[in-house]
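Notes follow the structure.
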Amino acid sequence: MNPKSHLIESFIGLGALLIVVSALGYYILNEPVRIVQAQDEVLALQLDEAMTLYAENCAVCHGMSGEGIGATPPLNNPALVTMPFEEISKTIARGRYQTAMPAWAIEDGGPLSDYQIDELVMLIQYGDWGATGNRVVNLGLAPLIPFTTEVDPALLAEIGSLLDGATLQTAVTLFAANCVSCHGADGLGTGIAPALNDPAVREKTADEIQRVITYGNTGTLMAGWSNILAPEEITALVSLVQRWDEVPLGTIPAPDVPIPVTEESLALGSQLYAANCSRCHGPEGQGTPRAPSLNVKSFLTDTSDQAIQQIITLGVPGTAMPTWGDRMTDADIQAIVGFIRQWEPTAPEVATITRPGGGGPPWRNNNSTTPNLLPSTNPPSTISGNSAGGQTALQTLLDWRLLILPGILLSIAFTLIYSGWDSLRRLR
Ligand code: HEC
Ligand code: HEC
Ligand code: HEC
C-alpha cells in the first residue's frame, strides 16, 4: 500500500477517534446538567397542572391564592412547607374527619388520583401562589370571597330597640363580616349557599342550627366556625337565624366585590368585547344608536361588577341586549366585566349617546351644544360633518400602515420581473 495514502488514512482515523472521544466527554460532562434540566421541566409541568387542579377543586374554600377564606385555613402557610410530604398528601387524600375538608382520593370516594394529589402537595410546598391566583382568575373560578359588607347604621340602631336587641346587633355584625359572602345580602342566599332568612330554616331547633354553625357540614362549603367564633357569638347567630323576620330588609346590603383581573383576562376581555359588543355599544363603549353607552361615569360608579356580570349573563329581556350566558363561560363574561371596569377612571360624566333612538351618531350631534366627550382615540373631528358609524371601520381599513406590506411585495415583484426581462434580453 502506498505509504502516503496510509498516512492520510491514519490521520482520518485519529481525527474520527478524537471527535468521538470529545463528543462522549461533552455528553458525560453535560449529562448531570441535562438531568437537572429535565427534572426542572417535569417539576414545572407538574406545578402547572397542579395550579389548574387547585383552581378547579380547592380555591373555592382555600382562596384564590391559598390565603384561606373565613373558617378555612390558608395553604400558603410556611408551616406546610416544612411539614412531611406524606402528612399533607394524607390530609388531602382522606380529608379531615368531621370538618368541611373532604376526602379527595379516588379510593376514598374523591375525584383525584394519587399522582394528582402529589402534584397538589408539590404546589403547596414549592408552588407560586401569585401565579396560582392568576390561573384561578383566568379560569373564571375566583371565589367571590372573602368579602364583607357594611351594615346599614340607621337600621342597626333600629334593631337595638327590639327585644334582646343587643344580641341581634352582634349577630348582624358577625354575619356581615363572616357569612354574607356565601349566604348573601340579608341572608337571602346566593348561588353557592342556601338562604338562612327563610321560614323553613326558622323552623329548625336552636340545637340543629347551633350544630351546623359550630361543626359545619362535612364535604360542603359550610365550614365549622368553632375555631373562629366564641360560643356566645355562635348563639347570637342562631337567634338571628331564628328571628330574621324581625330584622328589616336592607340591614345587610349586598357586598360590592371587584372581579379580579390579570393581564391575560384583560386581553381576553378586550378581544371578546371587540368581537361581540362593540357593534352595538361602540368600540370604546361610547354607545351607538342601537345601545346605550357603557363608558360613562354614572353607569360605572352605580353598577357593581356583580351587577354588570348579571346583566351580560342574562341579557335584558324585551330589548336588543342578548343573553350571553349560554354562549360564553363565566370566565369570558368576567373578563369582559374587568375590561369594561377599566374605563371607570377616564369615563366621561355625560354619555354622548344615552338611549337607542335618542338621536343620530355621537359625532353628528356634537357640533355646537354638547362638547366632544369621545376618548381621543375615536373618530377625529376632522371627518365630522357627513361621517357616520361605518367611518371608523373604513378608517381602520385605510390605515397607511396597512399599505407597507403590499408596497414591499409590489417592489420585489417589479425588481424580479425587471431582472428576468434583463437577463432574457442579454441571452438573445
Ligand atoms: C369544602 C371546603 C374545602 C375544599 C373544597 C378543600 N378544603 Fe382543604 N380544608 C378545608 C377545611 C375546613 C380545612 C381545615 C380542617 C381542620 O379543621 O382541620 C382544610 C384543611 C386542609 C389542609 C390542611 C391544612 C393545615 O394547615 O393543616 C390541606 C393541606 C388542604 N385542606 C388541602 C386542600 C386541597 C389541596 C384541596 C383541593 C383538592 C382542598 N383542601 C379543598 C376545607 C376545604
Ligand atoms: C364558604 C361559604 C359559606 C360561608 C362563609 C358560610 N356558610 Fe353556612 N352554609 C354554606 C353552605 C354551602 C351550606 C349548605 C350546606 C349543606 O348543603 O348541607 C350552609 C349551611 C348553613 C346552615 C344550615 C342551613 C339549613 O338549611 O339548615 C346554617 C345555619 C349556616 N350555614 C350558617 C352560617 C353562618 C352563621 C355563617 C357565618 C358564621 C356561615 N354559615 C358561613 C356555606 C357557607
Ligand atoms: C344587538 C345589540 C347589542 C349587543 C350585540 C350587545 N348589547 Fe348590551 N345592550 C343592548 C341594548 C339595546 C341595551 C339596553 C337595554 C335596555 O334598554 O335596558 C344594552 C344594555 C347593556 C348593558 C346595561 C347598560 C345600562 O345602562 O344598564 C350592559 C352592561 C351591556 N349591554 C353589555 C353588553 C356586553 C358586554 C355586550 C357584549 C358581550 C353587549 N352588551 C352586546 C344591545 C346590545
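We label chains A, B, ... in the order they appear in the C-alpha cells, count residues from 1 in each chain, and number ligands from 1 in the order shown.
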
Could the residues that lie within 7 Å of ligand 2, counting only C-alpha atoms and all ligand atoms, be listed as a list in words?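 Residues satisfying the distance criterion: Cys61, Gly70, Leu174, Phe175, Asn178, Cys179, Val180, Ser181, Cys182, His183, Ile192, Ala193, Pro194, Leu196, Val201, Ile209, Val212, Ile213, Asn217, Thr220, Leu221, Met222, Ala223, Trp225, Leu237 and Val241 of chain A.
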
Show me which residues line ligand 1, defined as having an atom within 6 Å of a ligand atom where only C-alpha atoms and all ligand atoms count, and present them as an mmCIF file with N, CA and C atoms, in the first residue's frame.
```
data_model
loop_
_atom_site.group_PDB
_atom_site.id
_atom_site.type_symbol
_atom_site.label_atom_id
_atom_site.label_comp_id
_atom_site.auth_asym_id
_atom_site.auth_seq_id
_atom_site.Cartn_x
_atom_site.Cartn_y
_atom_site.Cartn_z
ATOM 1 N N TYR A 54 -55.861 22.958 41.503
ATOM 2 C CA TYR A 54 -56.175 23.795 42.653
ATOM 3 C C TYR A 54 -57.345 24.729 42.315
ATOM 4 N N ASN A 57 -60.622 22.720 42.201
ATOM 5 C CA ASN A 57 -61.113 21.967 43.359
ATOM 6 C C ASN A 57 -60.965 22.645 44.707
ATOM 7 N N CYS A 58 -59.967 23.492 44.852
ATOM 8 C CA CYS A 58 -59.622 23.945 46.195
ATOM 9 C C CYS A 58 -59.855 25.435 46.426
ATOM 10 N N VAL A 60 -62.177 27.463 45.912
ATOM 11 C CA VAL A 60 -63.465 27.880 46.447
ATOM 12 C C VAL A 60 -63.446 27.942 47.981
ATOM 13 N N CYS A 61 -62.678 27.065 48.619
ATOM 14 C CA CYS A 61 -62.603 27.106 50.082
ATOM 15 C C CYS A 61 -61.312 27.757 50.580
ATOM 16 N N THR A 72 -61.853 28.516 56.739
ATOM 17 C CA THR A 72 -60.984 27.552 56.057
ATOM 18 C C THR A 72 -59.539 28.037 56.139
ATOM 19 N N PRO A 73 -58.621 27.159 56.571
ATOM 20 C CA PRO A 73 -57.248 27.631 56.825
ATOM 21 C C PRO A 73 -56.508 27.961 55.528
ATOM 22 N N ILE A 88 -49.125 15.785 54.415
ATOM 23 C CA ILE A 88 -50.031 16.641 53.641
ATOM 24 C C ILE A 88 -50.825 15.803 52.640
ATOM 25 N N THR A 91 -53.666 14.157 54.342
ATOM 26 C CA THR A 91 -54.772 15.083 54.645
ATOM 27 C C THR A 91 -55.639 15.289 53.405
ATOM 28 N N ILE A 92 -54.970 15.514 52.247
ATOM 29 C CA ILE A 92 -55.751 15.777 51.042
ATOM 30 C C ILE A 92 -56.491 14.507 50.604
ATOM 31 N N ARG A 96 -60.326 15.710 56.383
ATOM 32 C CA ARG A 96 -60.255 15.798 57.844
ATOM 33 C C ARG A 96 -61.632 15.448 58.365
ATOM 34 N N THR A 99 -64.850 17.726 59.531
ATOM 35 C CA THR A 99 -64.662 19.122 59.152
ATOM 36 C C THR A 99 -65.160 19.251 57.709
ATOM 37 N N ALA A 100 -65.109 20.478 57.187
ATOM 38 C CA ALA A 100 -65.568 20.682 55.818
ATOM 39 C C ALA A 100 -64.560 20.155 54.796
ATOM 40 N N MET A 101 -63.348 19.752 55.256
ATOM 41 C CA MET A 101 -62.318 19.303 54.316
ATOM 42 C C MET A 101 -62.656 17.899 53.829
ATOM 43 N N LEU A 120 -50.511 18.327 43.914
ATOM 44 C CA LEU A 120 -51.041 19.399 44.775
ATOM 45 C C LEU A 120 -50.128 19.637 45.985
ATOM 46 N N GLY A 219 -67.950 17.964 53.860
ATOM 47 C CA GLY A 219 -67.972 17.838 52.409
ATOM 48 C C GLY A 219 -68.741 18.944 51.713
ATOM 49 N N THR A 220 -69.166 19.994 52.407
ATOM 50 C CA THR A 220 -69.798 21.126 51.736
ATOM 51 C C THR A 220 -68.962 22.371 52.025
ATOM 52 N N LEU A 221 -69.358 23.494 51.424
ATOM 53 C CA LEU A 221 -68.642 24.741 51.661
ATOM 54 C C LEU A 221 -68.834 25.248 53.082
ATOM 55 N N ALA A 223 -68.103 25.440 56.506
ATOM 56 C CA ALA A 223 -67.077 25.014 57.457
ATOM 57 C C ALA A 223 -67.589 25.201 58.876
#
```

Find the spatial neighbours of Gly130 of chain A, counting only C-alpha atoms, within a cut-off of 9 Å - ignore same-chain residues fewer than 4 positions away - and output them as a VMD selection string. chain A and resid 64 to 65 134 to 135

Report as JSON lines the residues of chain A within 8 Å of ligand 3, each with its shortest atom pair and distance in Å (one decimal), using only C-alpha atoms and all ligand atoms, ordered by chain and increasing residue number.
```
{"residue": "A:Leu272", "atom": "CA", "partner": "ligand 3", "partner_atom_place_in_ligand_line": "38 (C)", "distance": 6.9}
{"residue": "A:Tyr273", "atom": "CA", "partner": "ligand 3", "partner_atom_place_in_ligand_line": "37 (C)", "distance": 5.6}
{"residue": "A:Ala275", "atom": "CA", "partner": "ligand 3", "partner_atom_place_in_ligand_line": "37 (C)", "distance": 7.9}
{"residue": "A:Asn276", "atom": "CA", "partner": "ligand 3", "partner_atom_place_in_ligand_line": "37 (C)", "distance": 4.7}
{"residue": "A:Cys277", "atom": "CA", "partner": "ligand 3", "partner_atom_place_in_ligand_line": "37 (C)", "distance": 3.4}
{"residue": "A:Ser278", "atom": "CA", "partner": "ligand 3", "partner_atom_place_in_ligand_line": "5 (C)", "distance": 7.1}
{"residue": "A:Arg279", "atom": "CA", "partner": "ligand 3", "partner_atom_place_in_ligand_line": "5 (C)", "distance": 6.2}
{"residue": "A:Cys280", "atom": "CA", "partner": "ligand 3", "partner_atom_place_in_ligand_line": "2 (C)", "distance": 4.4}
{"residue": "A:His281", "atom": "CA", "partner": "ligand 3", "partner_atom_place_in_ligand_line": "7 (N)", "distance": 6.2}
{"residue": "A:Arg290", "atom": "CA", "partner": "ligand 3", "partner_atom_place_in_ligand_line": "12 (C)", "distance": 5.8}
{"residue": "A:Ala291", "atom": "CA", "partner": "ligand 3", "partner_atom_place_in_ligand_line": "12 (C)", "distance": 4.2}
{"residue": "A:Pro292", "atom": "CA", "partner": "ligand 3", "partner_atom_place_in_ligand_line": "14 (C)", "distance": 5.7}
{"residue": "A:Ser293", "atom": "CA", "partner": "ligand 3", "partner_atom_place_in_ligand_line": "26 (O)", "distance": 6.6}
{"residue": "A:Leu294", "atom": "CA", "partner": "ligand 3", "partner_atom_place_in_ligand_line": "24 (C)", "distance": 5.9}
{"residue": "A:Phe299", "atom": "CA", "partner": "ligand 3", "partner_atom_place_in_ligand_line": "26 (O)", "distance": 5.9}
{"residue": "A:Ile308", "atom": "CA", "partner": "ligand 3", "partner_atom_place_in_ligand_line": "29 (C)", "distance": 5.1}
{"residue": "A:Gln309", "atom": "CA", "partner": "ligand 3", "partner_atom_place_in_ligand_line": "29 (C)", "distance": 7.6}
{"residue": "A:Ile311", "atom": "CA", "partner": "ligand 3", "partner_atom_place_in_ligand_line": "29 (C)", "distance": 5.7}
{"residue": "A:Ile312", "atom": "CA", "partner": "ligand 3", "partner_atom_place_in_ligand_line": "32 (C)", "distance": 5.4}
{"residue": "A:Gly315", "atom": "CA", "partner": "ligand 3", "partner_atom_place_in_ligand_line": "31 (N)", "distance": 7.2}
{"residue": "A:Val316", "atom": "CA", "partner": "ligand 3", "partner_atom_place_in_ligand_line": "15 (C)", "distance": 5.5}
{"residue": "A:Thr319", "atom": "CA", "partner": "ligand 3", "partner_atom_place_in_ligand_line": "15 (C)", "distance": 5.4}
{"residue": "A:Ala320", "atom": "CA", "partner": "ligand 3", "partner_atom_place_in_ligand_line": "12 (C)", "distance": 4.3}
{"residue": "A:Met321", "atom": "CA", "partner": "ligand 3", "partner_atom_place_in_ligand_line": "10 (C)", "distance": 3.6}
{"residue": "A:Pro322", "atom": "CA", "partner": "ligand 3", "partner_atom_place_in_ligand_line": "6 (C)", "distance": 6.1}
{"residue": "A:Trp324", "atom": "CA", "partner": "ligand 3", "partner_atom_place_in_ligand_line": "38 (C)", "distance": 6.4}
{"residue": "A:Ile333", "atom": "CA", "partner": "ligand 3", "partner_atom_place_in_ligand_line": "38 (C)", "distance": 7.3}
{"residue": "A:Ile336", "atom": "CA", "partner": "ligand 3", "partner_atom_place_in_ligand_line": "35 (C)", "distance": 6.1}
{"residue": "A:Val337", "atom": "CA", "partner": "ligand 3", "partner_atom_place_in_ligand_line": "35 (C)", "distance": 7.0}
{"residue": "A:Ile340", "atom": "CA", "partner": "ligand 3", "partner_atom_place_in_ligand_line": "35 (C)", "distance": 7.7}
{"residue": "A:Arg355", "atom": "CA", "partner": "ligand 3", "partner_atom_place_in_ligand_line": "14 (C)", "distance": 7.3}
{"residue": "A:Pro356", "atom": "CA", "partner": "ligand 3", "partner_atom_place_in_ligand_line": "12 (C)", "distance": 6.6}
```

Just asking: which residues within segment 153-380 of chain A are strand (DSSP E or B) according to DSSP, as an MDAnalysis selection string? chainID A and resid 216 223 288 291

Output the selection as a JSON list (two decimals), in the first residue's frame - N, CA and C atoms for each residue.
```
[["chain", "number", "residue", "atom", "x", "y", "z"],
["A", 216, "GLY", "N", -69.97, 22.76, 61.07],
["A", 216, "GLY", "CA", -70.03, 22.74, 59.61],
["A", 216, "GLY", "C", -70.74, 21.50, 59.12],
["A", 223, "ALA", "N", -68.10, 25.44, 56.51],
["A", 223, "ALA", "CA", -67.08, 25.01, 57.46],
["A", 223, "ALA", "C", -67.59, 25.20, 58.88],
["A", 288, "THR", "N", -74.04, 53.66, 20.76],
["A", 288, "THR", "CA", -74.40, 53.91, 19.37],
["A", 288, "THR", "C", -75.92, 54.08, 19.37],
["A", 291, "ALA", "N", -77.51, 50.96, 21.11],
["A", 291, "ALA", "CA", -77.37, 50.55, 22.50],
["A", 291, "ALA", "C", -76.72, 51.65, 23.32]]
```

What residues in segment 81-170 of chain A get the DSSP label helix (DSSP H, G or I)? Please answer as a PyMOL selection string. chain A and resi 81-82+85-94+106-108+114-126+129-138+153-159+165-170

To one decimal place in Å, what is the distance between atom CA of Glu9 of chain A and atom CA of Tyr27 of chain A? 26.9 Å

Find the residues near Ala236 of chain A: any atom within 8 Å, counting only C-alpha atoms, skip ones fewer than 5 places away on the same chain, and give them as a list in words.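 In the requested format, the answer is Thr167, Leu168, Thr170 and Ala171 of chain A.
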
Quick one: everything within 12 Å of Pro84 of chain A, counting only C-alpha atoms, minus sequence neighbours fewer than 4 positions away in the same chain. Send it as a list in words. Ala79, Leu80, Ile88, Ser89, Lys90, Thr91, Val121, Met122, Ile124 and Gln125 of chain A

Those same residues - N, CA, C and O atoms - I'd like them written as a PDB file, in the first residue's frame.
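Contents of again.pdb, as written:
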```pdb
ATOM      1  N   ALA A  79     -45.739  26.822  57.607  1.00  0.00           N
ATOM      2  CA  ALA A  79     -45.678  25.571  58.371  1.00  0.00           C
ATOM      3  C   ALA A  79     -45.901  24.370  57.459  1.00  0.00           C
ATOM      4  O   ALA A  79     -45.362  23.283  57.710  1.00  0.00           O
ATOM      5  N   LEU A  80     -46.677  24.550  56.374  1.00  0.00           N
ATOM      6  CA  LEU A  80     -46.949  23.428  55.472  1.00  0.00           C
ATOM      7  C   LEU A  80     -45.726  23.108  54.610  1.00  0.00           C
ATOM      8  O   LEU A  80     -45.565  21.982  54.146  1.00  0.00           O
ATOM      9  N   ILE A  88     -49.125  15.785  54.415  1.00  0.00           N
ATOM     10  CA  ILE A  88     -50.031  16.641  53.641  1.00  0.00           C
ATOM     11  C   ILE A  88     -50.825  15.803  52.640  1.00  0.00           C
ATOM     12  O   ILE A  88     -52.037  15.980  52.491  1.00  0.00           O
ATOM     13  N   SER A  89     -50.122  14.857  51.982  1.00  0.00           N
ATOM     14  CA  SER A  89     -50.862  14.093  50.973  1.00  0.00           C
ATOM     15  C   SER A  89     -51.943  13.244  51.635  1.00  0.00           C
ATOM     16  O   SER A  89     -53.016  13.032  51.066  1.00  0.00           O
ATOM     17  N   LYS A  90     -51.685  12.784  52.868  1.00  0.00           N
ATOM     18  CA  LYS A  90     -52.707  12.023  53.589  1.00  0.00           C
ATOM     19  C   LYS A  90     -53.922  12.906  53.901  1.00  0.00           C
ATOM     20  O   LYS A  90     -55.073  12.493  53.745  1.00  0.00           O
ATOM     21  N   THR A  91     -53.666  14.157  54.342  1.00  0.00           N
ATOM     22  CA  THR A  91     -54.772  15.083  54.645  1.00  0.00           C
ATOM     23  C   THR A  91     -55.639  15.289  53.405  1.00  0.00           C
ATOM     24  O   THR A  91     -56.867  15.247  53.469  1.00  0.00           O
ATOM     25  N   VAL A 121     -49.560  18.546  46.538  1.00  0.00           N
ATOM     26  CA  VAL A 121     -48.633  18.723  47.662  1.00  0.00           C
ATOM     27  C   VAL A 121     -47.415  19.516  47.181  1.00  0.00           C
ATOM     28  O   VAL A 121     -46.919  20.419  47.867  1.00  0.00           O
ATOM     29  N   MET A 122     -46.921  19.198  45.977  1.00  0.00           N
ATOM     30  CA  MET A 122     -45.786  19.955  45.425  1.00  0.00           C
ATOM     31  C   MET A 122     -46.139  21.425  45.292  1.00  0.00           C
ATOM     32  O   MET A 122     -45.322  22.304  45.566  1.00  0.00           O
ATOM     33  N   ILE A 124     -48.261  23.066  47.111  1.00  0.00           N
ATOM     34  CA  ILE A 124     -48.300  23.662  48.448  1.00  0.00           C
ATOM     35  C   ILE A 124     -46.878  23.914  48.959  1.00  0.00           C
ATOM     36  O   ILE A 124     -46.603  24.922  49.590  1.00  0.00           O
ATOM     37  N   GLN A 125     -45.932  22.997  48.603  1.00  0.00           N
ATOM     38  CA  GLN A 125     -44.580  23.144  49.154  1.00  0.00           C
ATOM     39  C   GLN A 125     -43.634  23.965  48.271  1.00  0.00           C
ATOM     40  O   GLN A 125     -42.741  24.621  48.783  1.00  0.00           O
TER      41      GLN A 125
END
```

Extract, using only C-alpha atoms, all DNA, RNA and protein residues at most 12 Å from Thr205 of chain A, discarding same-chain residues fewer than 5 positions from it, and format them as a ChimeraX atom specification. /A:200,210-212,238-239,241-242

Near Pro111 of chain A, within 12 Å and counting only C-alpha atoms, which residues show up once chain neighbours fewer than 4 positions away are dropped, as an mmCIF file with C-alpha atoms, in the first residue's frame?
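The result, written out as result.cif:
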```
data_model
loop_
_atom_site.group_PDB
_atom_site.id
_atom_site.type_symbol
_atom_site.label_atom_id
_atom_site.label_comp_id
_atom_site.auth_asym_id
_atom_site.auth_seq_id
_atom_site.Cartn_x
_atom_site.Cartn_y
_atom_site.Cartn_z
ATOM 1 C CA LEU A 53 -56.335 21.288 39.830
ATOM 2 C CA GLU A 56 -60.929 23.679 39.973
ATOM 3 C CA ASN A 57 -61.113 21.967 43.359
ATOM 4 C CA ILE A 92 -55.751 15.777 51.042
ATOM 5 C CA ALA A 93 -56.396 12.125 50.204
ATOM 6 C CA ARG A 94 -58.539 11.304 53.237
ATOM 7 C CA PRO A 102 -63.493 16.460 52.075
ATOM 8 C CA ALA A 103 -61.533 13.341 51.054
ATOM 9 C CA TRP A 104 -60.090 13.744 47.541
ATOM 10 C CA ALA A 105 -58.512 10.345 46.778
ATOM 11 C CA ILE A 106 -60.374 8.035 44.415
ATOM 12 C CA GLU A 107 -60.158 5.183 46.960
ATOM 13 C CA TYR A 115 -50.484 11.390 41.165
ATOM 14 C CA GLN A 116 -52.704 14.474 41.148
ATOM 15 C CA ILE A 117 -52.664 14.632 44.938
#
```

Could you jot down the atom CA of Glu233 of chain A to atom CA of Asn76 of chain A separation for me, Å, one decimal place?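 Pair atom CA of Glu233 of chain A / atom CA of Asn76 of chain A returns 28.1 Å.
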
Using Å and a single decimal, report how far atom CA of Ala131 of chain A sits from atom CA of Gln37 of chain A.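 Between atom CA of Gln37 of chain A and atom CA of Ala131 of chain A the gap works out to 21.3 Å.
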
Taking only C-alpha atoms into account, which of A:Gly127, A:Pro74, A:Pro253, A:Gly133 comes nearest Glu150 of chain A?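 Using only C-alpha atoms, Glu150 of chain A sits closest to A:Pro253.
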
Rank nothing, just name the residue among A:Gly407, A:Pro153, A:Pro199, A:Pro78 nearest to Ile252 of chain A, using only C-alpha atoms.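 Using only C-alpha atoms, the shortest distance to Ile252 of chain A belongs to A:Pro153.
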
Using only C-alpha atoms, find each residue of segment 185-284 of chain A with at least one atom at most 10 Å away from an atom of segment 341-348 of chain A; report its shortest atom-to-atom pair and that distance in Å (one decimal), sort the rows by chain and rising residue number, and return the result as a tab-separated table.
```
residue	atom	partner	partner_atom	distance
A:Pro258	CA	A:Arg341	CA	9.0
A:Ile259	CA	A:Arg341	CA	9.2
A:Val261	CA	A:Gln342	CA	9.9
A:Leu266	CA	A:Gln342	CA	8.8
A:Glu284	CA	A:Trp343	CA	8.7
```

For Glu49 of chain A, which of A:Leu268, A:Leu29, A:Ala335, A:Leu123 is the closest residue, counting only C-alpha atoms?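 Smallest separation from Glu49 of chain A among the options: A:Leu123.
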
Residue among A:Ala185, A:Val42, A:Leu47, A:Ala206 lying closest to Thr149 of chain A, counting only C-alpha atoms: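 For Thr149 of chain A, the nearest of the candidates is A:Ala185.
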